[in-house]
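Content type PDB, C-alpha atoms, pLDDT in the B column, from the file entry-v5.pdb:
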```pdb
ATOM      1  CA  MET A   1     133.964 137.359  86.546  1.00 56.00           C
ATOM      2  CA  ARG A   2     133.193 134.621  84.052  1.00 58.00           C
ATOM      3  CA  THR A   3     135.957 132.427  85.526  1.00 59.00           C
ATOM      4  CA  THR A   4     134.607 132.932  89.051  1.00 55.00           C
ATOM      5  CA  VAL A   5     131.107 131.889  87.975  1.00 49.00           C
ATOM      6  CA  LEU A   6     132.488 128.777  86.227  1.00 49.00           C
ATOM      7  CA  VAL A   7     134.606 127.810  89.253  1.00 50.00           C
ATOM      8  CA  LEU A   8     131.663 128.260  91.657  1.00 52.00           C
ATOM      9  CA  SER A   9     129.328 126.335  89.338  1.00 58.00           C
ATOM     10  CA  GLY A  10     131.851 123.498  89.069  1.00 59.00           C
ATOM     11  CA  ALA A  11     132.282 123.379  92.846  1.00 56.00           C
ATOM     12  CA  LEU A  12     128.513 123.231  93.359  1.00 53.00           C
ATOM     13  CA  ILE A  13     128.150 120.432  90.813  1.00 56.00           C
ATOM     14  CA  LEU A  14     130.944 118.401  92.403  1.00 54.00           C
ATOM     15  CA  THR A  15     129.624 118.796  95.947  1.00 56.00           C
ATOM     16  CA  GLY A  16     126.065 118.067  94.812  1.00 56.00           C
ATOM     17  CA  CYS A  17     127.132 114.783  93.212  1.00 55.00           C
ATOM     18  CA  ASP A  18     129.285 113.709  96.162  1.00 52.00           C
ATOM     19  CA  LYS A  19     126.358 112.722  98.385  1.00 63.00           C
ATOM     20  CA  THR A  20     125.927 109.009  98.963  1.00 72.00           C
ATOM     21  CA  GLU A  21     122.764 107.243 100.036  1.00 72.00           C
ATOM     22  CA  PRO A  22     122.924 105.635 103.477  1.00 73.00           C
ATOM     23  CA  ALA A  23     122.949 101.854 103.474  1.00 72.00           C
ATOM     24  CA  PRO A  24     119.579 100.253 104.225  1.00 76.00           C
ATOM     25  CA  PRO A  25     119.219  98.761 107.710  1.00 85.00           C
ATOM     26  CA  THR A  26     120.320  95.165 107.961  1.00 91.00           C
ATOM     27  CA  LEU A  27     119.190  92.225 110.056  1.00 94.00           C
ATOM     28  CA  VAL A  28     122.772  91.026 110.485  1.00 95.00           C
ATOM     29  CA  GLY A  29     123.971  91.294 114.062  1.00 94.00           C
ATOM     30  CA  ILE A  30     122.749  90.613 117.560  1.00 94.00           C
ATOM     31  CA  TRP A  31     119.388  92.039 118.634  1.00 94.00           C
ATOM     32  CA  ASN A  32     118.388  92.312 122.305  1.00 93.00           C
ATOM     33  CA  LEU A  33     114.836  91.290 123.152  1.00 92.00           C
ATOM     34  CA  GLU A  34     112.716  94.081 124.671  1.00 94.00           C
ATOM     35  CA  SER A  35     109.270  92.517 124.721  1.00 93.00           C
ATOM     36  CA  ILE A  36     106.899  89.921 123.327  1.00 92.00           C
ATOM     37  CA  ARG A  37     103.220  90.723 122.879  1.00 93.00           C
ATOM     38  CA  TYR A  38     100.902  87.702 122.881  1.00 92.00           C
ATOM     39  CA  GLN A  39      97.472  88.092 121.274  1.00 92.00           C
ATOM     40  CA  LEU A  40      94.843  85.360 120.950  1.00 88.00           C
ATOM     41  CA  ALA A  41      91.739  86.161 118.929  1.00 86.00           C
ATOM     42  CA  ALA A  42      88.383  85.296 120.474  1.00 81.00           C
ATOM     43  CA  SER A  43      87.136  81.868 119.409  1.00 78.00           C
ATOM     44  CA  HIS A  44      85.070  78.902 120.582  1.00 75.00           C
ATOM     45  CA  GLY A  45      83.453  80.959 123.336  1.00 77.00           C
ATOM     46  CA  HIS A  46      86.779  82.134 124.773  1.00 77.00           C
ATOM     47  CA  PRO A  47      87.480  85.875 124.990  1.00 85.00           C
ATOM     48  CA  ALA A  48      90.394  87.501 123.210  1.00 88.00           C
ATOM     49  CA  THR A  49      93.590  87.933 125.201  1.00 90.00           C
ATOM     50  CA  ASP A  50      96.342  90.499 124.830  1.00 93.00           C
ATOM     51  CA  ASP A  51      99.384  90.242 127.122  1.00 93.00           C
ATOM     52  CA  THR A  52     102.872  91.718 126.911  1.00 94.00           C
ATOM     53  CA  TYR A  53     105.997  90.185 128.386  1.00 93.00           C
ATOM     54  CA  VAL A  54     108.854  92.616 129.105  1.00 95.00           C
ATOM     55  CA  ALA A  55     112.233  90.887 128.844  1.00 92.00           C
ATOM     56  CA  LYS A  56     115.016  91.153 131.372  1.00 93.00           C
ATOM     57  CA  PRO A  57     118.252  92.786 130.089  1.00 91.00           C
ATOM     58  CA  GLY A  58     120.294  90.264 128.115  1.00 87.00           C
ATOM     59  CA  GLU A  59     117.455  87.736 127.906  1.00 87.00           C
ATOM     60  CA  SER A  60     116.915  85.824 124.639  1.00 87.00           C
ATOM     61  CA  PRO A  61     119.077  87.764 122.163  1.00 89.00           C
ATOM     62  CA  GLN A  62     118.342  87.134 118.475  1.00 90.00           C
ATOM     63  CA  GLU A  63     121.361  86.777 116.169  1.00 93.00           C
ATOM     64  CA  PHE A  64     121.266  86.997 112.378  1.00 95.00           C
ATOM     65  CA  THR A  65     124.536  86.078 110.624  1.00 95.00           C
ATOM     66  CA  ALA A  66     125.878  87.412 107.332  1.00 95.00           C
ATOM     67  CA  ASP A  67     125.891  83.894 105.873  1.00 95.00           C
ATOM     68  CA  GLY A  68     122.090  83.546 106.189  1.00 95.00           C
ATOM     69  CA  ARG A  69     121.622  81.826 109.554  1.00 95.00           C
ATOM     70  CA  VAL A  70     119.533  82.893 112.536  1.00 94.00           C
ATOM     71  CA  TRP A  71     119.563  81.682 116.141  1.00 89.00           C
ATOM     72  CA  PHE A  72     116.196  79.977 116.577  1.00 82.00           C
ATOM     73  CA  GLN A  73     114.788  78.698 119.843  1.00 77.00           C
ATOM     74  CA  ARG A  74     111.306  77.652 120.860  1.00 67.00           C
ATOM     75  CA  PRO A  75     110.229  77.672 124.503  1.00 58.00           C
ATOM     76  CA  LEU A  76     111.362  74.545 126.339  1.00 54.00           C
ATOM     77  CA  ALA A  77     113.673  73.592 123.461  1.00 60.00           C
ATOM     78  CA  THR A  78     117.386  73.845 122.768  1.00 70.00           C
ATOM     79  CA  GLY A  79     118.211  76.541 120.243  1.00 80.00           C
ATOM     80  CA  SER A  80     120.350  76.258 117.128  1.00 87.00           C
ATOM     81  CA  PHE A  81     121.290  78.271 114.057  1.00 91.00           C
ATOM     82  CA  ARG A  82     118.833  77.750 111.177  1.00 92.00           C
ATOM     83  CA  PRO A  83     118.916  79.053 107.581  1.00 94.00           C
ATOM     84  CA  TYR A  84     116.788  82.109 106.831  1.00 95.00           C
ATOM     85  CA  ARG A  85     115.742  84.296 103.886  1.00 95.00           C
ATOM     86  CA  PHE A  86     114.709  87.944 104.065  1.00 95.00           C
ATOM     87  CA  ASP A  87     112.949  89.740 101.203  1.00 94.00           C
ATOM     88  CA  GLY A  88     112.605  93.131 102.925  1.00 91.00           C
ATOM     89  CA  SER A  89     109.246  92.415 104.555  1.00 94.00           C
ATOM     90  CA  THR A  90     109.239  88.724 105.523  1.00 96.00           C
ATOM     91  CA  ILE A  91     111.807  86.532 107.260  1.00 96.00           C
ATOM     92  CA  VAL A  92     111.430  82.823 106.468  1.00 95.00           C
ATOM     93  CA  VAL A  93     113.254  80.443 108.819  1.00 93.00           C
ATOM     94  CA  ALA A  94     113.794  76.909 107.471  1.00 91.00           C
ATOM     95  CA  LEU A  95     113.098  74.321 110.155  1.00 86.00           C
ATOM     96  CA  GLY A  96     113.267  71.168 108.037  1.00 82.00           C
ATOM     97  CA  PRO A  97     109.728  69.823 107.709  1.00 85.00           C
ATOM     98  CA  TYR A  98     108.209  73.334 107.728  1.00 86.00           C
ATOM     99  CA  ASP A  99     109.125  77.010 107.601  1.00 91.00           C
ATOM    100  CA  VAL A 100     108.357  79.752 110.123  1.00 90.00           C
ATOM    101  CA  ARG A 101     107.336  83.143 108.696  1.00 93.00           C
ATOM    102  CA  TRP A 102     107.939  86.398 110.523  1.00 93.00           C
ATOM    103  CA  THR A 103     106.384  89.541 109.066  1.00 95.00           C
ATOM    104  CA  VAL A 104     108.660  92.525 109.671  1.00 96.00           C
ATOM    105  CA  SER A 105     106.708  95.646 110.631  1.00 95.00           C
ATOM    106  CA  GLU A 106     109.756  97.752 111.537  1.00 95.00           C
ATOM    107  CA  LEU A 107     113.459  97.551 110.754  1.00 96.00           C
ATOM    108  CA  SER A 108     115.845 100.404 111.469  1.00 95.00           C
ATOM    109  CA  THR A 109     119.463 100.623 112.526  1.00 93.00           C
ATOM    110  CA  HIS A 110     118.505 100.155 116.183  1.00 94.00           C
ATOM    111  CA  ARG A 111     115.033  98.529 116.219  1.00 95.00           C
ATOM    112  CA  LEU A 112     113.484  95.333 114.839  1.00 95.00           C
ATOM    113  CA  VAL A 113     109.809  94.377 115.216  1.00 95.00           C
ATOM    114  CA  TYR A 114     108.296  91.273 113.660  1.00 94.00           C
ATOM    115  CA  GLN A 115     105.171  89.179 114.061  1.00 95.00           C
ATOM    116  CA  GLU A 116     104.575  85.460 113.933  1.00 92.00           C
ATOM    117  CA  VAL A 117     100.989  84.342 113.367  1.00 91.00           C
ATOM    118  CA  GLU A 118      99.813  80.801 114.084  1.00 86.00           C
ATOM    119  CA  VAL A 119      96.336  79.560 113.235  1.00 82.00           C
ATOM    120  CA  GLY A 120      95.190  76.443 115.051  1.00 75.00           C
ATOM    121  CA  SER A 121      92.327  74.826 116.898  1.00 66.00           C
ATOM    122  CA  ALA A 122      92.479  77.496 119.616  1.00 69.00           C
ATOM    123  CA  GLY A 123      92.154  80.286 117.034  1.00 74.00           C
ATOM    124  CA  GLN A 124      94.655  82.828 115.730  1.00 83.00           C
ATOM    125  CA  PHE A 125      97.663  83.416 117.960  1.00 86.00           C
ATOM    126  CA  THR A 126      99.947  86.371 117.179  1.00 90.00           C
ATOM    127  CA  GLN A 127     103.323  87.046 118.792  1.00 90.00           C
ATOM    128  CA  THR A 128     105.006  90.404 118.230  1.00 93.00           C
ATOM    129  CA  PHE A 129     108.722  90.489 119.059  1.00 90.00           C
ATOM    130  CA  THR A 130     110.492  93.817 119.664  1.00 94.00           C
ATOM    131  CA  TYR A 131     114.309  94.019 119.680  1.00 93.00           C
ATOM    132  CA  ARG A 132     116.923  96.758 120.061  1.00 94.00           C
ATOM    133  CA  ARG A 133     120.629  96.948 119.252  1.00 91.00           C
TER     134      ARG A 133
END
```

Structure encoded using structure tokens:
Amino acid sequence: MRTTVLVLSGALILTGCDKTEPAPPTLVGIWNLESIRYQLAASHGHPATDDTYVAKPGESPQEFTADGRVWFQRPLATGSFRPYRFDGSTIVVALGPYDVRWTVSELSTHRLVYQEVEVGSAGQFTQTFTYRR
């Protein structure tokens, strides 16, 4: 009886310690654009706007590489791979004379959502990008 209890206790201890934590989600890989939400805060007598663009399948994929580069493209411009840093909540893309900051609001194995906020003469402009793998 004592041997049976010891064997069962040992088996429970070994199986209890065998569990591994899943790896945290990673940016690395290709993300497929789902939508972009454009929001402009009211300013200078102009009303606020809030529009959403739904992407066509395969349009504007976003690629993050394991060596710290991201495919970056502005409208009406040729894209290229640019260095980036990610601290778990903010992606900073180095563009030479300035950096672009994307605040990550969601990152899972299959979904990435980040915002880019620009403040200028027209007011605060926020773009929210939603991607899927």

Original post:
What does the distance between atom CA of Val113 of chain A and atom CA of Arg132 of chain A come to in Å, to one decimal place?
Top reply: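 Atom CA of Arg132 of chain A lies at a distance of 8.9 Å from atom CA of Val113 of chain A.
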
**OP:** Compare A:Val92, A:Ile36, A:Leu112, A:Val104 by their minimum atom-to-atom distance to Thr52 of chain A, counting only C-alpha atoms, and give me the closest one.
**Re:**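 The closest residue to Thr52 of chain A is A:Ile36.
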
**OP:** Convert the output of the PyMOL selection byres ((chain A and resi 37-41) around 8) on the shown file into explicit residues, formatted as a ChimeraX atom specification.
**Re:** /A:35-36,42-43,47-53,123-129

List every residue of segment 24-52 of chain A that has an atom at most 7 Å from any atom of segment 59-74 of chain A, and for each one report the closest atom pair and its distance in Å to one decimal, counting all atoms listed in the file, with rows sorted by chain and then by increasing residue number, as CSV.
```
residue,atom,partner,partner_atom,distance
A:Leu27,CA,A:Phe64,CA,6.1
A:Val28,CA,A:Phe64,CA,4.7
A:Gly29,CA,A:Phe64,CA,5.3
A:Ile30,CA,A:Glu63,CA,4.3
A:Trp31,CA,A:Gln62,CA,5.0
A:Asn32,CA,A:Pro61,CA,4.6
A:Leu33,CA,A:Pro61,CA,5.6
```

Store the residues of this selection in a file with C-alpha atoms, as a tab-separated table (two decimals), in the coordinates of the input.
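As a result, out-v2.tsv now contains:
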```tsv
chain	number	residue	atom	x	y	z
A	27	LEU	CA	119.19	92.22	110.06
A	28	VAL	CA	122.77	91.03	110.48
A	29	GLY	CA	123.97	91.29	114.06
A	30	ILE	CA	122.75	90.61	117.56
A	31	TRP	CA	119.39	92.04	118.63
A	32	ASN	CA	118.39	92.31	122.30
A	33	LEU	CA	114.84	91.29	123.15
```

**OP:** Using only C-alpha atoms, collect all residues at a distance of at most 8 Å from (117.2, 99.9, 107.7) as written in the file, then present them as JSON, numbers by chain.
**Re:** {"A": [23, 24, 25, 26, 107, 108, 109]}

Those same residues - C-alpha atoms - I'd like them written as a PDB file, keeping the file's coordinate frame.
```pdb
ATOM      1  CA  ALA A  23     122.949 101.854 103.474  1.00 72.00           C
ATOM      2  CA  PRO A  24     119.579 100.253 104.225  1.00 76.00           C
ATOM      3  CA  PRO A  25     119.219  98.761 107.710  1.00 85.00           C
ATOM      4  CA  THR A  26     120.320  95.165 107.961  1.00 91.00           C
ATOM      5  CA  LEU A 107     113.459  97.551 110.754  1.00 96.00           C
ATOM      6  CA  SER A 108     115.845 100.404 111.469  1.00 95.00           C
ATOM      7  CA  THR A 109     119.463 100.623 112.526  1.00 93.00           C
TER       8      THR A 109
END
```

**OP:** Using only C-alpha atoms, pick whichever of A:Phe81, A:Tyr131, A:Tyr98, A:Phe86 has the shortest atom-to-atom distance to Glu34 of chain A.
**Re:** A:Tyr131

**OP:** Figure out the distance between atom CA of Pro83 of chain A and atom CA of Thr130 of chain A, please, to one decimal in Å.
**Re:**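 Atom CA of Pro83 of chain A lies at a distance of 20.9 Å from atom CA of Thr130 of chain A.
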
Original post:
Rounded to one decimal in Å, what is the spacing between atom CA of Val119 of chain A and atom CA of Asp99 of chain A?
Top reply: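 Separation of atom CA of Val119 of chain A and atom CA of Asp99 of chain A: 14.2 Å.
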
**OP:** Have a look at A:Arg133, A:Ile91, A:His46, A:Arg82 and name the one nearest to Ser105 of chain A; count all atoms listed in the file.
**Re:**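 Result for the nearest residue to Ser105 of chain A: A:Ile91.
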
**OP:** Give me the residues within 7 Å of Thr103 of chain A as a PyMOL selection string, counting all atoms listed in the file and dropping any in the same chain fewer than 4 places off.
**Re:** chain A and resi 89-91+114-116

Have segment 120-131 of chain A completed to all heavy atoms, please, and pass it along as a compact mmCIF listing (two decimals), in the frame of the given file.
```txt
# COMPACT_ATOMS: atom_id res chain seq x y z
N GLY A 120 95.39 77.82 114.62
CA GLY A 120 95.19 76.44 115.05
C GLY A 120 93.81 76.25 115.62
O GLY A 120 92.92 77.09 115.45
N SER A 121 93.64 75.15 116.34
CA SER A 121 92.33 74.83 116.90
C SER A 121 91.88 75.84 117.95
O SER A 121 90.69 76.03 118.17
CB SER A 121 92.35 73.42 117.50
OG SER A 121 93.31 73.35 118.53
N ALA A 122 92.83 76.50 118.60
CA ALA A 122 92.48 77.50 119.62
C ALA A 122 92.20 78.86 119.00
O ALA A 122 91.85 79.80 119.70
CB ALA A 122 93.60 77.61 120.63
N GLY A 123 92.37 79.01 117.69
CA GLY A 123 92.15 80.29 117.03
C GLY A 123 93.46 80.87 116.53
O GLY A 123 94.45 80.16 116.38
N GLN A 124 93.45 82.15 116.25
CA GLN A 124 94.66 82.83 115.73
C GLN A 124 95.47 83.39 116.88
O GLN A 124 94.98 84.16 117.68
CB GLN A 124 94.27 83.95 114.78
CG GLN A 124 95.49 84.67 114.21
CD GLN A 124 95.13 85.67 113.16
OE1 GLN A 124 94.41 85.36 112.24
NE2 GLN A 124 95.65 86.88 113.31
N PHE A 125 96.74 82.99 116.92
CA PHE A 125 97.66 83.42 117.96
C PHE A 125 98.76 84.24 117.30
O PHE A 125 99.43 83.78 116.38
CB PHE A 125 98.25 82.18 118.65
CG PHE A 125 99.22 82.49 119.75
CD1 PHE A 125 98.82 83.19 120.88
CD2 PHE A 125 100.53 82.07 119.66
CE1 PHE A 125 99.71 83.46 121.90
CE2 PHE A 125 101.43 82.33 120.68
CZ PHE A 125 101.02 83.03 121.80
N THR A 126 98.95 85.48 117.75
CA THR A 126 99.95 86.37 117.18
C THR A 126 100.97 86.75 118.24
O THR A 126 100.60 87.16 119.35
CB THR A 126 99.29 87.65 116.63
OG1 THR A 126 98.30 87.29 115.68
CG2 THR A 126 100.32 88.57 115.98
N GLN A 127 102.25 86.60 117.91
CA GLN A 127 103.32 87.05 118.79
C GLN A 127 104.05 88.18 118.08
O GLN A 127 104.41 88.04 116.91
CB GLN A 127 104.32 85.92 119.06
CG GLN A 127 103.74 84.73 119.76
CD GLN A 127 104.81 83.70 120.04
OE1 GLN A 127 105.43 83.74 121.07
NE2 GLN A 127 105.03 82.80 119.10
N THR A 128 104.26 89.28 118.78
CA THR A 128 105.01 90.40 118.23
C THR A 128 106.27 90.57 119.06
O THR A 128 106.21 90.80 120.25
CB THR A 128 104.17 91.69 118.27
OG1 THR A 128 102.94 91.47 117.57
CG2 THR A 128 104.92 92.84 117.62
N PHE A 129 107.42 90.42 118.40
CA PHE A 129 108.72 90.49 119.06
C PHE A 129 109.33 91.87 118.78
O PHE A 129 109.37 92.31 117.63
CB PHE A 129 109.67 89.42 118.52
CG PHE A 129 109.19 88.02 118.77
CD1 PHE A 129 108.28 87.40 117.92
CD2 PHE A 129 109.65 87.31 119.87
CE1 PHE A 129 107.85 86.11 118.14
CE2 PHE A 129 109.23 86.01 120.11
CZ PHE A 129 108.32 85.42 119.25
N THR A 130 109.84 92.52 119.81
CA THR A 130 110.49 93.82 119.66
C THR A 130 111.92 93.70 120.19
O THR A 130 112.14 93.24 121.31
CB THR A 130 109.74 94.91 120.43
OG1 THR A 130 108.40 94.95 119.95
CG2 THR A 130 110.39 96.27 120.24
N TYR A 131 112.88 94.10 119.34
CA TYR A 131 114.31 94.02 119.68
C TYR A 131 114.97 95.38 119.52
O TYR A 131 114.49 96.21 118.76
CB TYR A 131 115.02 93.03 118.75
CG TYR A 131 114.60 91.60 118.91
CD1 TYR A 131 113.55 91.08 118.18
CD2 TYR A 131 115.27 90.75 119.80
CE1 TYR A 131 113.16 89.77 118.32
CE2 TYR A 131 114.89 89.43 119.95
CZ TYR A 131 113.84 88.95 119.21
OH TYR A 131 113.45 87.64 119.35
```
